[in-house]
Protein chains: 2
Amino acid sequence: TILDAIEKILDGANRSQPLVGMRALVTGGPTHEPIDPVRFLANRSSGRQSYAIAAALAEAGAAVTLVSGPVALSPPAGVERIGVTTAVEMLAACEAALPVDIAICAAAVGDWRPLHVDAMKIKKVAGKTMSIELAENPDILASLSRHPQSRPRLVVGFAAETGDPLREAMAKLERKGCDWIVANDVSPNQGVFGGLNNTVTLLRRDRPPEAWPTAEKTSVAKRLVAEIALDLVGEDF
Amino acid sequence: TILDAIEKILDGANRSQPLVGMRALVTGGPTHEPIDPVRFLANRSSGRQSYAIAAALAEAGAAVTLVSGPVALSPPAGVERIGVTTAVEMLAACEAALPVDIAICAAAVGDWRPLHVDAMKIKKVAGKTMSIELAENPDILASLSRHPQSRPRLVVGFAAETGDPLREAMAKLERKGCDWIVANDVSPNQGVFGGLNNTVTLLRRDRPPEAWPTAEKTSVAKRLVAEIALDLVGEDF
């Protein structure tokens, strides 16, 4: 109805938009690294957390580019989505999106890709063992964090780890040169992959780690964007 | 409305259901073969063709079990879907569904799985090359085609090949011991993966290959089920 529409507009006008005028880059989803036309190496990621972050950034007024690996989600309203498949394509799309004020690397980027990609489907040969040689993929988080010309003001990485996620995430913060790390435990019993909830710890340089209570991925996204707004413009959101 | 409902029932009653009383097994989607909790080896398959076949078999009156790898599709009405991840799980689910009259193996089953599955996320070590050793997966189409106790009356395989698809499919028909092969060319320029259309050739023992015109996957499914009905019950559908 017209009344609903008016209400929506007023609601939007009343909402605080602390990130107006800022550009944000979000990466999300997995990468798929082809072996041949039929087979590929993949990472587990539904893209839900990153899509929620892109949506929350847009709601906060930022101009958002979402560089997304293959997922089954529709792009959030007001977000420019650039679809990619491999880590190499994802890095190129991220570099093309620069300069940005905020970069949030939430994609599950494959660390490796097959060294050789076959143009034809590899045939099974009876009794013959197979192995796939791998080459290291570019490190998108480190590339953005150490970008010589266009280092974003704030670079946030995600660390999806098993074992001792906090220790792994701390090491990652140092190694990659990013500002914040959102650490989550993706051990199979946590049900993070594909699920609606997430349990994360926010790690920042020179501040104690903040363990957030388990919440819907959309709530985690809003809280993260609120922290970003507080950090960049000192505004409560 | 009530009129719509009545019309639907009458329509259903009028529709020819040549496969009433028969049990059908359909496999569809890709398999995902875990490397560690985060990474896996996968095959390209949207599951669209197999889901359309399961729907067409159910419409023709068969009791359909759809053993499906991870896809982003909802199960067709009236079809029992059993979700699986790996080829080993898919074979077990297929064997549990026997005996059936008709088996249609349309899944993109990985020929290989990683020989070792790590319980923890494998860490990247700078400068160290990586490779994945592979073990051969069970052959579901051959297992059903050569089942010692419960060989279905009709076993149909799919051959998604590049290069010379027809020759590969002919060889597959012999090698696997199935009755029919639906061959399609999945070279990247064909746009079959994830697309709505399919161009297939039906290969049957002692009959010349039938190249079908490019059609929607739902139409290909209906035509295939019509051929099955003609073959098994001699009834035009």
# chains A, B, ... in the order shown; residues from 1 in each chain; ligands from 1
>>> interface_residues(of="chain A", to="chain B", cutoff="7 Å", atoms="only C-alpha atoms", output="PDB file with N, CA, C and O atoms, in the first residue's frame")
ATOM      1  N   PRO A  37      37.139 -29.808 -17.454  1.00  0.00           N
ATOM      2  CA  PRO A  37      35.829 -29.153 -17.641  1.00  0.00           C
ATOM      3  C   PRO A  37      34.748 -29.646 -16.684  1.00  0.00           C
ATOM      4  O   PRO A  37      33.695 -29.005 -16.549  1.00  0.00           O
ATOM      5  N   VAL A  38      34.973 -30.766 -16.012  1.00  0.00           N
ATOM      6  CA  VAL A  38      33.930 -31.371 -15.195  1.00  0.00           C
ATOM      7  C   VAL A  38      34.239 -31.288 -13.701  1.00  0.00           C
ATOM      8  O   VAL A  38      33.331 -31.208 -12.878  1.00  0.00           O
ATOM      9  N   ARG A  39      35.511 -31.317 -13.360  1.00  0.00           N
ATOM     10  CA  ARG A  39      35.912 -31.445 -11.954  1.00  0.00           C
ATOM     11  C   ARG A  39      36.550 -30.170 -11.432  1.00  0.00           C
ATOM     12  O   ARG A  39      37.215 -29.459 -12.176  1.00  0.00           O
ATOM     13  N   PHE A  40      36.382 -29.941 -10.139  1.00  0.00           N
ATOM     14  CA  PHE A  40      37.051 -28.788  -9.538  1.00  0.00           C
ATOM     15  C   PHE A  40      37.304 -29.025  -8.053  1.00  0.00           C
ATOM     16  O   PHE A  40      36.699 -29.903  -7.432  1.00  0.00           O
ATOM     17  N   LEU A  41      38.195 -28.200  -7.540  1.00  0.00           N
ATOM     18  CA  LEU A  41      38.535 -28.186  -6.125  1.00  0.00           C
ATOM     19  C   LEU A  41      37.744 -27.042  -5.507  1.00  0.00           C
ATOM     20  O   LEU A  41      37.713 -25.949  -6.069  1.00  0.00           O
ATOM     21  N   ALA A  42      37.100 -27.280  -4.371  1.00  0.00           N
ATOM     22  CA  ALA A  42      36.239 -26.244  -3.806  1.00  0.00           C
ATOM     23  C   ALA A  42      36.447 -26.101  -2.311  1.00  0.00           C
ATOM     24  O   ALA A  42      37.032 -26.970  -1.663  1.00  0.00           O
ATOM     25  N   ASN A  43      35.951 -25.007  -1.790  1.00  0.00           N
ATOM     26  CA  ASN A  43      35.928 -24.747  -0.357  1.00  0.00           C
ATOM     27  C   ASN A  43      34.481 -24.697   0.087  1.00  0.00           C
ATOM     28  O   ASN A  43      33.612 -24.258  -0.664  1.00  0.00           O
ATOM     29  N   ARG A  44      34.235 -25.078   1.331  1.00  0.00           N
ATOM     30  CA  ARG A  44      32.868 -25.007   1.827  1.00  0.00           C
ATOM     31  C   ARG A  44      32.545 -23.574   2.231  1.00  0.00           C
ATOM     32  O   ARG A  44      33.257 -22.953   3.015  1.00  0.00           O
ATOM     33  N   ALA A  72      24.400 -19.919  -4.015  1.00  0.00           N
ATOM     34  CA  ALA A  72      22.997 -20.001  -4.421  1.00  0.00           C
ATOM     35  C   ALA A  72      22.192 -18.863  -3.805  1.00  0.00           C
ATOM     36  O   ALA A  72      21.023 -19.035  -3.481  1.00  0.00           O
ATOM     37  N   MET A 120      40.284 -31.231 -21.574  1.00  0.00           N
ATOM     38  CA  MET A 120      39.369 -32.355 -21.776  1.00  0.00           C
ATOM     39  C   MET A 120      39.162 -33.080 -20.453  1.00  0.00           C
ATOM     40  O   MET A 120      40.031 -33.058 -19.586  1.00  0.00           O
ATOM     41  N   LYS A 121      38.017 -33.743 -20.340  1.00  0.00           N
ATOM     42  CA  LYS A 121      37.748 -34.530 -19.144  1.00  0.00           C
ATOM     43  C   LYS A 121      38.807 -35.622 -18.985  1.00  0.00           C
ATOM     44  O   LYS A 121      39.036 -36.415 -19.906  1.00  0.00           O
ATOM     45  N   THR A 129      46.894 -45.134 -10.344  1.00  0.00           N
ATOM     46  CA  THR A 129      46.594 -44.171  -9.282  1.00  0.00           C
ATOM     47  C   THR A 129      46.696 -42.761  -9.852  1.00  0.00           C
ATOM     48  O   THR A 129      47.347 -42.515 -10.863  1.00  0.00           O
ATOM     49  N   MET A 130      46.018 -41.865  -9.189  1.00  0.00           N
ATOM     50  CA  MET A 130      45.936 -40.475  -9.657  1.00  0.00           C
ATOM     51  C   MET A 130      46.379 -39.567  -8.527  1.00  0.00           C
ATOM     52  O   MET A 130      46.180 -39.885  -7.349  1.00  0.00           O
ATOM     53  N   SER A 131      46.969 -38.449  -8.888  1.00  0.00           N
ATOM     54  CA  SER A 131      47.133 -37.406  -7.886  1.00  0.00           C
ATOM     55  C   SER A 131      47.055 -36.058  -8.580  1.00  0.00           C
ATOM     56  O   SER A 131      47.248 -35.960  -9.798  1.00  0.00           O
ATOM     57  N   ILE A 132      46.705 -35.057  -7.813  1.00  0.00           N
ATOM     58  CA  ILE A 132      46.579 -33.709  -8.373  1.00  0.00           C
ATOM     59  C   ILE A 132      47.679 -32.858  -7.767  1.00  0.00           C
ATOM     60  O   ILE A 132      47.748 -32.704  -6.539  1.00  0.00           O
ATOM     61  N   GLU A 133      48.530 -32.317  -8.609  1.00  0.00           N
ATOM     62  CA  GLU A 133      49.545 -31.383  -8.117  1.00  0.00           C
ATOM     63  C   GLU A 133      48.933 -30.007  -7.985  1.00  0.00           C
ATOM     64  O   GLU A 133      48.166 -29.561  -8.837  1.00  0.00           O
ATOM     65  N   LEU A 134      49.314 -29.321  -6.926  1.00  0.00           N
ATOM     66  CA  LEU A 134      48.681 -28.038  -6.635  1.00  0.00           C
ATOM     67  C   LEU A 134      49.683 -26.888  -6.678  1.00  0.00           C
ATOM     68  O   LEU A 134      50.854 -27.065  -6.343  1.00  0.00           O
ATOM     69  N   ALA A 135      49.191 -25.743  -7.077  1.00  0.00           N
ATOM     70  CA  ALA A 135      49.980 -24.512  -7.042  1.00  0.00           C
ATOM     71  C   ALA A 135      49.326 -23.568  -6.039  1.00  0.00           C
ATOM     72  O   ALA A 135      48.106 -23.599  -5.860  1.00  0.00           O
ATOM     73  N   GLU A 161      38.747 -21.591  11.050  1.00  0.00           N
ATOM     74  CA  GLU A 161      39.763 -22.546  11.455  1.00  0.00           C
ATOM     75  C   GLU A 161      39.147 -23.684  12.255  1.00  0.00           C
ATOM     76  O   GLU A 161      38.048 -23.570  12.796  1.00  0.00           O
ATOM     77  N   THR A 162      39.887 -24.772  12.297  1.00  0.00           N
ATOM     78  CA  THR A 162      39.554 -25.867  13.197  1.00  0.00           C
ATOM     79  C   THR A 162      40.666 -25.934  14.239  1.00  0.00           C
ATOM     80  O   THR A 162      41.686 -25.271  14.101  1.00  0.00           O
ATOM     81  N   GLY A 163      40.494 -26.691  15.263  1.00  0.00           N
ATOM     82  CA  GLY A 163      41.550 -26.872  16.254  1.00  0.00           C
ATOM     83  C   GLY A 163      41.525 -25.752  17.273  1.00  0.00           C
ATOM     84  O   GLY A 163      40.637 -25.702  18.116  1.00  0.00           O
ATOM     85  N   SER A 187      34.896 -26.291  12.875  1.00  0.00           N
ATOM     86  CA  SER A 187      34.923 -27.737  13.095  1.00  0.00           C
ATOM     87  C   SER A 187      33.545 -28.284  12.759  1.00  0.00           C
ATOM     88  O   SER A 187      32.532 -27.612  12.989  1.00  0.00           O
ATOM     89  N   PRO A 188      33.495 -29.483  12.205  1.00  0.00           N
ATOM     90  CA  PRO A 188      32.223 -30.010  11.701  1.00  0.00           C
ATOM     91  C   PRO A 188      31.091 -29.972  12.726  1.00  0.00           C
ATOM     92  O   PRO A 188      29.936 -29.744  12.372  1.00  0.00           O
TER      93      PRO A 188
END
>>> select_by_dssp(residues="stretch 28-172 of chain B", states="alpha helix (DSSP H)", output="PDB file with N, CA and C atoms, in the first residue's frame")
ATOM      1  N   ARG B  48      19.756 -30.345 -12.383  1.00  0.00           N
ATOM      2  CA  ARG B  48      18.490 -30.022 -13.072  1.00  0.00           C
ATOM      3  C   ARG B  48      17.956 -31.166 -13.911  1.00  0.00           C
ATOM      4  N   GLN B  49      18.864 -31.806 -14.713  1.00  0.00           N
ATOM      5  CA  GLN B  49      18.387 -32.871 -15.598  1.00  0.00           C
ATOM      6  C   GLN B  49      17.824 -34.047 -14.795  1.00  0.00           C
ATOM      7  N   SER B  50      18.535 -34.421 -13.728  1.00  0.00           N
ATOM      8  CA  SER B  50      18.081 -35.577 -12.936  1.00  0.00           C
ATOM      9  C   SER B  50      16.793 -35.272 -12.176  1.00  0.00           C
ATOM     10  N   TYR B  51      16.666 -34.063 -11.655  1.00  0.00           N
ATOM     11  CA  TYR B  51      15.441 -33.722 -10.929  1.00  0.00           C
ATOM     12  C   TYR B  51      14.242 -33.721 -11.882  1.00  0.00           C
ATOM     13  N   ALA B  52      14.475 -33.265 -13.126  1.00  0.00           N
ATOM     14  CA  ALA B  52      13.403 -33.284 -14.128  1.00  0.00           C
ATOM     15  C   ALA B  52      13.010 -34.721 -14.470  1.00  0.00           C
ATOM     16  N   ILE B  53      14.002 -35.613 -14.518  1.00  0.00           N
ATOM     17  CA  ILE B  53      13.706 -37.021 -14.811  1.00  0.00           C
ATOM     18  C   ILE B  53      12.908 -37.649 -13.669  1.00  0.00           C
ATOM     19  N   ALA B  54      13.319 -37.363 -12.429  1.00  0.00           N
ATOM     20  CA  ALA B  54      12.594 -37.901 -11.273  1.00  0.00           C
ATOM     21  C   ALA B  54      11.141 -37.409 -11.291  1.00  0.00           C
ATOM     22  N   ALA B  55      10.950 -36.126 -11.615  1.00  0.00           N
ATOM     23  CA  ALA B  55       9.593 -35.564 -11.670  1.00  0.00           C
ATOM     24  C   ALA B  55       8.774 -36.241 -12.770  1.00  0.00           C
ATOM     25  N   ALA B  56       9.388 -36.458 -13.941  1.00  0.00           N
ATOM     26  CA  ALA B  56       8.672 -37.061 -15.069  1.00  0.00           C
ATOM     27  C   ALA B  56       8.303 -38.516 -14.768  1.00  0.00           C
ATOM     28  N   LEU B  57       9.190 -39.237 -14.093  1.00  0.00           N
ATOM     29  CA  LEU B  57       8.886 -40.631 -13.717  1.00  0.00           C
ATOM     30  C   LEU B  57       7.724 -40.683 -12.737  1.00  0.00           C
ATOM     31  N   ALA B  58       7.723 -39.746 -11.771  1.00  0.00           N
ATOM     32  CA  ALA B  58       6.635 -39.707 -10.788  1.00  0.00           C
ATOM     33  C   ALA B  58       5.316 -39.375 -11.476  1.00  0.00           C
ATOM     34  N   GLU B  59       5.362 -38.444 -12.428  1.00  0.00           N
ATOM     35  CA  GLU B  59       4.141 -38.089 -13.183  1.00  0.00           C
ATOM     36  C   GLU B  59       3.630 -39.278 -13.978  1.00  0.00           C
ATOM     37  N   ALA B  87      30.520 -40.257  -3.184  1.00  0.00           N
ATOM     38  CA  ALA B  87      30.184 -41.387  -4.055  1.00  0.00           C
ATOM     39  C   ALA B  87      29.911 -42.650  -3.235  1.00  0.00           C
ATOM     40  N   VAL B  88      30.699 -42.852  -2.179  1.00  0.00           N
ATOM     41  CA  VAL B  88      30.506 -44.042  -1.336  1.00  0.00           C
ATOM     42  C   VAL B  88      29.115 -44.003  -0.699  1.00  0.00           C
ATOM     43  N   GLU B  89      28.714 -42.815  -0.207  1.00  0.00           N
ATOM     44  CA  GLU B  89      27.367 -42.674   0.359  1.00  0.00           C
ATOM     45  C   GLU B  89      26.294 -42.884  -0.705  1.00  0.00           C
ATOM     46  N   MET B  90      26.563 -42.382  -1.908  1.00  0.00           N
ATOM     47  CA  MET B  90      25.569 -42.510  -2.985  1.00  0.00           C
ATOM     48  C   MET B  90      25.342 -43.975  -3.349  1.00  0.00           C
ATOM     49  N   LEU B  91      26.435 -44.739  -3.450  1.00  0.00           N
ATOM     50  CA  LEU B  91      26.289 -46.168  -3.760  1.00  0.00           C
ATOM     51  C   LEU B  91      25.483 -46.871  -2.670  1.00  0.00           C
ATOM     52  N   ALA B  92      25.795 -46.564  -1.405  1.00  0.00           N
ATOM     53  CA  ALA B  92      25.082 -47.210  -0.299  1.00  0.00           C
ATOM     54  C   ALA B  92      23.590 -46.877  -0.356  1.00  0.00           C
ATOM     55  N   ALA B  93      23.263 -45.621  -0.649  1.00  0.00           N
ATOM     56  CA  ALA B  93      21.853 -45.219  -0.725  1.00  0.00           C
ATOM     57  C   ALA B  93      21.151 -45.902  -1.896  1.00  0.00           C
ATOM     58  N   CYS B  94      21.866 -46.064  -3.010  1.00  0.00           N
ATOM     59  CA  CYS B  94      21.282 -46.751  -4.175  1.00  0.00           C
ATOM     60  C   CYS B  94      21.008 -48.213  -3.841  1.00  0.00           C
ATOM     61  N   GLU B  95      21.973 -48.862  -3.203  1.00  0.00           N
ATOM     62  CA  GLU B  95      21.790 -50.285  -2.883  1.00  0.00           C
ATOM     63  C   GLU B  95      20.649 -50.469  -1.898  1.00  0.00           C
ATOM     64  N   ALA B  96      20.494 -49.487  -0.993  1.00  0.00           N
ATOM     65  CA  ALA B  96      19.400 -49.570  -0.027  1.00  0.00           C
ATOM     66  C   ALA B  96      18.041 -49.396  -0.708  1.00  0.00           C
ATOM     67  N   ALA B  97      18.024 -48.761  -1.873  1.00  0.00           N
ATOM     68  CA  ALA B  97      16.760 -48.505  -2.583  1.00  0.00           C
ATOM     69  C   ALA B  97      16.326 -49.701  -3.430  1.00  0.00           C
ATOM     70  N   ILE B 140      29.039 -46.604  -9.562  1.00  0.00           N
ATOM     71  CA  ILE B 140      27.636 -46.853  -9.213  1.00  0.00           C
ATOM     72  C   ILE B 140      26.872 -47.439 -10.400  1.00  0.00           C
ATOM     73  N   LEU B 141      27.101 -46.879 -11.585  1.00  0.00           N
ATOM     74  CA  LEU B 141      26.400 -47.376 -12.780  1.00  0.00           C
ATOM     75  C   LEU B 141      26.740 -48.844 -13.042  1.00  0.00           C
ATOM     76  N   ALA B 142      28.035 -49.182 -12.972  1.00  0.00           N
ATOM     77  CA  ALA B 142      28.440 -50.580 -13.202  1.00  0.00           C
ATOM     78  C   ALA B 142      27.915 -51.486 -12.093  1.00  0.00           C
ATOM     79  N   SER B 143      27.916 -50.981 -10.842  1.00  0.00           N
ATOM     80  CA  SER B 143      27.436 -51.801  -9.723  1.00  0.00           C
ATOM     81  C   SER B 143      25.971 -52.166  -9.897  1.00  0.00           C
ATOM     82  N   LEU B 144      25.163 -51.200 -10.336  1.00  0.00           N
ATOM     83  CA  LEU B 144      23.734 -51.483 -10.535  1.00  0.00           C
ATOM     84  C   LEU B 144      23.539 -52.367 -11.765  1.00  0.00           C
ATOM     85  N   SER B 145      24.307 -52.096 -12.822  1.00  0.00           N
ATOM     86  CA  SER B 145      24.153 -52.851 -14.077  1.00  0.00           C
ATOM     87  C   SER B 145      24.548 -54.314 -13.911  1.00  0.00           C
ATOM     88  N   PRO B 165      31.987 -37.161 -27.704  1.00  0.00           N
ATOM     89  CA  PRO B 165      31.058 -37.681 -26.706  1.00  0.00           C
ATOM     90  C   PRO B 165      30.404 -38.999 -27.118  1.00  0.00           C
ATOM     91  N   LEU B 166      30.104 -39.156 -28.413  1.00  0.00           N
ATOM     92  CA  LEU B 166      29.371 -40.342 -28.849  1.00  0.00           C
ATOM     93  C   LEU B 166      30.230 -41.595 -28.740  1.00  0.00           C
ATOM     94  N   ARG B 167      31.483 -41.455 -29.150  1.00  0.00           N
ATOM     95  CA  ARG B 167      32.397 -42.585 -29.077  1.00  0.00           C
ATOM     96  C   ARG B 167      32.642 -42.980 -27.612  1.00  0.00           C
ATOM     97  N   GLU B 168      32.827 -41.957 -26.760  1.00  0.00           N
ATOM     98  CA  GLU B 168      33.038 -42.213 -25.333  1.00  0.00           C
ATOM     99  C   GLU B 168      31.812 -42.914 -24.737  1.00  0.00           C
ATOM    100  N   ALA B 169      30.634 -42.476 -25.158  1.00  0.00           N
ATOM    101  CA  ALA B 169      29.400 -43.022 -24.602  1.00  0.00           C
ATOM    102  C   ALA B 169      29.196 -44.470 -25.039  1.00  0.00           C
ATOM    103  N   MET B 170      29.531 -44.753 -26.311  1.00  0.00           N
ATOM    104  CA  MET B 170      29.436 -46.133 -26.826  1.00  0.00           C
ATOM    105  C   MET B 170      30.320 -47.057 -26.000  1.00  0.00           C
ATOM    106  N   ALA B 171      31.563 -46.607 -25.756  1.00  0.00           N
ATOM    107  CA  ALA B 171      32.505 -47.401 -24.973  1.00  0.00           C
ATOM    108  C   ALA B 171      31.967 -47.589 -23.556  1.00  0.00           C
ATOM    109  N   LYS B 172      31.329 -46.560 -23.022  1.00  0.00           N
ATOM    110  CA  LYS B 172      30.809 -46.624 -21.659  1.00  0.00           C
ATOM    111  C   LYS B 172      29.673 -47.646 -21.550  1.00  0.00           C
TER     112      LYS B 172
END
>>> residues_around(residues="A:Ala62", least_positions_apart="4", cutoff="8 Å", atoms="only C-alpha atoms", output="list of chain:residue names")
A:Leu19, A:Val20, A:Gly21, A:Met22, A:Arg23, A:Ala24, A:Leu57, A:Ala58
>>> write_last_selection(atoms="C-alpha atoms", output="PDB file, in the first residue's frame")
ATOM      1  CA  LEU A  19      28.965   5.151   6.182  1.00  0.00           C
ATOM      2  CA  VAL A  20      27.450   7.453   3.545  1.00  0.00           C
ATOM      3  CA  GLY A  21      30.133   8.504   1.094  1.00  0.00           C
ATOM      4  CA  MET A  22      32.311   5.485   1.815  1.00  0.00           C
ATOM      5  CA  ARG A  23      33.146   2.637  -0.532  1.00  0.00           C
ATOM      6  CA  ALA A  24      33.267  -0.914   0.756  1.00  0.00           C
ATOM      7  CA  LEU A  57      27.144  -2.085   4.902  1.00  0.00           C
ATOM      8  CA  ALA A  58      24.706  -0.912   2.223  1.00  0.00           C
TER       9      ALA A  58
END
>>> select_by_dssp(residues="stretch 39-116 of chain B", states="strand (DSSP E or B)", output="list in words")
Arg39, Phe40, Leu41, Ala42, Asn43, Ala63, Val64, Thr65, Leu66, Val67, Ser68, Glu80, Arg81, Ile82, Gly83, Ile102, Ala103, Ile104, Cys105, Ala108, Trp112, Arg113 and Pro114 of chain B
>>> write_last_selection(atoms="N, CA, C and O atoms", output="compact mmCIF listing (two decimals), in the first residue's frame")
# COMPACT_ATOMS: atom_id res chain seq x y z
N ARG B 39 37.75 -28.17 2.68
CA ARG B 39 37.98 -28.32 1.24
C ARG B 39 37.41 -29.63 0.71
O ARG B 39 37.38 -30.63 1.43
N PHE B 40 37.03 -29.62 -0.56
CA PHE B 40 36.55 -30.86 -1.16
C PHE B 40 36.76 -30.84 -2.67
O PHE B 40 36.96 -29.78 -3.27
N LEU B 41 36.71 -32.02 -3.22
CA LEU B 41 36.80 -32.24 -4.65
C LEU B 41 35.37 -32.38 -5.16
O LEU B 41 34.58 -33.12 -4.58
N ALA B 42 35.02 -31.70 -6.25
CA ALA B 42 33.63 -31.72 -6.69
C ALA B 42 33.54 -31.90 -8.20
O ALA B 42 34.51 -31.75 -8.92
N ASN B 43 32.35 -32.25 -8.63
CA ASN B 43 32.02 -32.35 -10.04
C ASN B 43 30.98 -31.29 -10.36
O ASN B 43 30.16 -30.96 -9.52
N ALA B 63 6.97 -45.07 -8.49
CA ALA B 63 7.39 -44.68 -7.14
C ALA B 63 8.88 -44.38 -7.23
O ALA B 63 9.67 -45.27 -7.51
N VAL B 64 9.24 -43.12 -7.03
CA VAL B 64 10.59 -42.67 -7.37
C VAL B 64 11.41 -42.36 -6.12
O VAL B 64 10.98 -41.61 -5.24
N THR B 65 12.62 -42.94 -6.06
CA THR B 65 13.62 -42.55 -5.07
C THR B 65 14.71 -41.78 -5.80
O THR B 65 15.28 -42.29 -6.77
N LEU B 66 14.97 -40.56 -5.34
CA LEU B 66 16.00 -39.71 -5.95
C LEU B 66 17.15 -39.61 -4.96
O LEU B 66 17.01 -39.02 -3.89
N VAL B 67 18.27 -40.23 -5.31
CA VAL B 67 19.47 -40.15 -4.46
C VAL B 67 20.29 -38.99 -5.01
O VAL B 67 20.79 -39.03 -6.12
N SER B 68 20.40 -37.93 -4.20
CA SER B 68 20.92 -36.67 -4.73
C SER B 68 22.13 -36.18 -3.96
O SER B 68 22.11 -36.10 -2.73
N GLU B 80 10.67 -39.29 -3.35
CA GLU B 80 11.43 -39.44 -2.11
C GLU B 80 12.89 -39.10 -2.39
O GLU B 80 13.54 -39.79 -3.18
N ARG B 81 13.38 -38.05 -1.76
CA ARG B 81 14.77 -37.67 -2.00
C ARG B 81 15.64 -38.10 -0.83
O ARG B 81 15.32 -37.85 0.32
N ILE B 82 16.77 -38.73 -1.14
CA ILE B 82 17.75 -39.10 -0.13
C ILE B 82 19.02 -38.32 -0.43
O ILE B 82 19.62 -38.49 -1.50
N GLY B 83 19.38 -37.43 0.48
CA GLY B 83 20.55 -36.58 0.27
C GLY B 83 21.84 -37.29 0.67
O GLY B 83 21.90 -37.91 1.73
N ILE B 102 13.52 -49.66 -12.59
CA ILE B 102 14.23 -48.72 -13.47
C ILE B 102 15.29 -48.01 -12.65
O ILE B 102 14.99 -47.51 -11.54
N ALA B 103 16.52 -47.95 -13.16
CA ALA B 103 17.55 -47.15 -12.50
C ALA B 103 18.14 -46.18 -13.52
O ALA B 103 18.54 -46.60 -14.61
N ILE B 104 18.13 -44.90 -13.17
CA ILE B 104 18.69 -43.88 -14.07
C ILE B 104 19.80 -43.16 -13.34
O ILE B 104 19.56 -42.45 -12.36
N CYS B 105 21.02 -43.39 -13.79
CA CYS B 105 22.19 -42.83 -13.11
C CYS B 105 22.60 -41.54 -13.82
O CYS B 105 23.37 -41.56 -14.78
N ALA B 108 26.60 -36.77 -11.40
CA ALA B 108 28.00 -36.57 -11.80
C ALA B 108 28.86 -37.07 -10.65
O ALA B 108 29.26 -36.31 -9.78
N TRP B 112 37.15 -40.12 -8.46
CA TRP B 112 38.17 -40.26 -7.42
C TRP B 112 37.77 -39.51 -6.15
O TRP B 112 36.99 -38.56 -6.19
N ARG B 113 38.35 -39.95 -5.05
CA ARG B 113 38.24 -39.21 -3.79
C ARG B 113 39.65 -39.11 -3.21
O ARG B 113 40.50 -39.94 -3.51
N PRO B 114 39.88 -38.09 -2.37
CA PRO B 114 41.20 -38.00 -1.74
C PRO B 114 41.48 -39.26 -0.92
O PRO B 114 40.60 -39.75 -0.20
>>> atom_distance(atom1="atom CA of A:Val182", atom2="atom CA of A:Arg151")
19.1 Å
>>> atom_distance(atom1="atom CA of A:Ile181", atom2="atom CA of A:Arg204")
6.7 Å
>>> atom_distance(atom1="atom CA of B:Thr199", atom2="atom CA of B:Asp185")
7.5 Å
>>> decode(residues="stretch 48-78 of chain B", atoms="C-alpha atoms", output="PDB file, in the first residue's frame")
ATOM      1  CA  ARG B  48      18.490 -30.022 -13.072  1.00  0.00           C
ATOM      2  CA  GLN B  49      18.387 -32.871 -15.598  1.00  0.00           C
ATOM      3  CA  SER B  50      18.081 -35.577 -12.936  1.00  0.00           C
ATOM      4  CA  TYR B  51      15.441 -33.722 -10.929  1.00  0.00           C
ATOM      5  CA  ALA B  52      13.403 -33.284 -14.128  1.00  0.00           C
ATOM      6  CA  ILE B  53      13.706 -37.021 -14.811  1.00  0.00           C
ATOM      7  CA  ALA B  54      12.594 -37.901 -11.273  1.00  0.00           C
ATOM      8  CA  ALA B  55       9.593 -35.564 -11.670  1.00  0.00           C
ATOM      9  CA  ALA B  56       8.672 -37.061 -15.069  1.00  0.00           C
ATOM     10  CA  LEU B  57       8.886 -40.631 -13.717  1.00  0.00           C
ATOM     11  CA  ALA B  58       6.635 -39.707 -10.788  1.00  0.00           C
ATOM     12  CA  GLU B  59       4.141 -38.089 -13.183  1.00  0.00           C
ATOM     13  CA  ALA B  60       4.151 -41.315 -15.182  1.00  0.00           C
ATOM     14  CA  GLY B  61       3.096 -43.174 -12.040  1.00  0.00           C
ATOM     15  CA  ALA B  62       6.374 -44.679 -10.807  1.00  0.00           C
ATOM     16  CA  ALA B  63       7.390 -44.678  -7.138  1.00  0.00           C
ATOM     17  CA  VAL B  64      10.590 -42.669  -7.366  1.00  0.00           C
ATOM     18  CA  THR B  65      13.622 -42.546  -5.066  1.00  0.00           C
ATOM     19  CA  LEU B  66      15.998 -39.713  -5.950  1.00  0.00           C
ATOM     20  CA  VAL B  67      19.469 -40.148  -4.463  1.00  0.00           C
ATOM     21  CA  SER B  68      20.924 -36.673  -4.731  1.00  0.00           C
ATOM     22  CA  GLY B  69      24.282 -35.064  -4.111  1.00  0.00           C
ATOM     23  CA  PRO B  70      24.405 -31.485  -2.820  1.00  0.00           C
ATOM     24  CA  VAL B  71      22.356 -29.202  -5.112  1.00  0.00           C
ATOM     25  CA  ALA B  72      20.317 -26.039  -4.669  1.00  0.00           C
ATOM     26  CA  LEU B  73      17.027 -27.593  -5.869  1.00  0.00           C
ATOM     27  CA  SER B  74      13.878 -28.617  -4.020  1.00  0.00           C
ATOM     28  CA  PRO B  75      12.769 -32.222  -4.438  1.00  0.00           C
ATOM     29  CA  PRO B  76      10.017 -32.708  -7.055  1.00  0.00           C
ATOM     30  CA  ALA B  77       6.481 -33.393  -5.781  1.00  0.00           C
ATOM     31  CA  GLY B  78       5.850 -37.009  -4.923  1.00  0.00           C
TER      32      GLY B  78
END
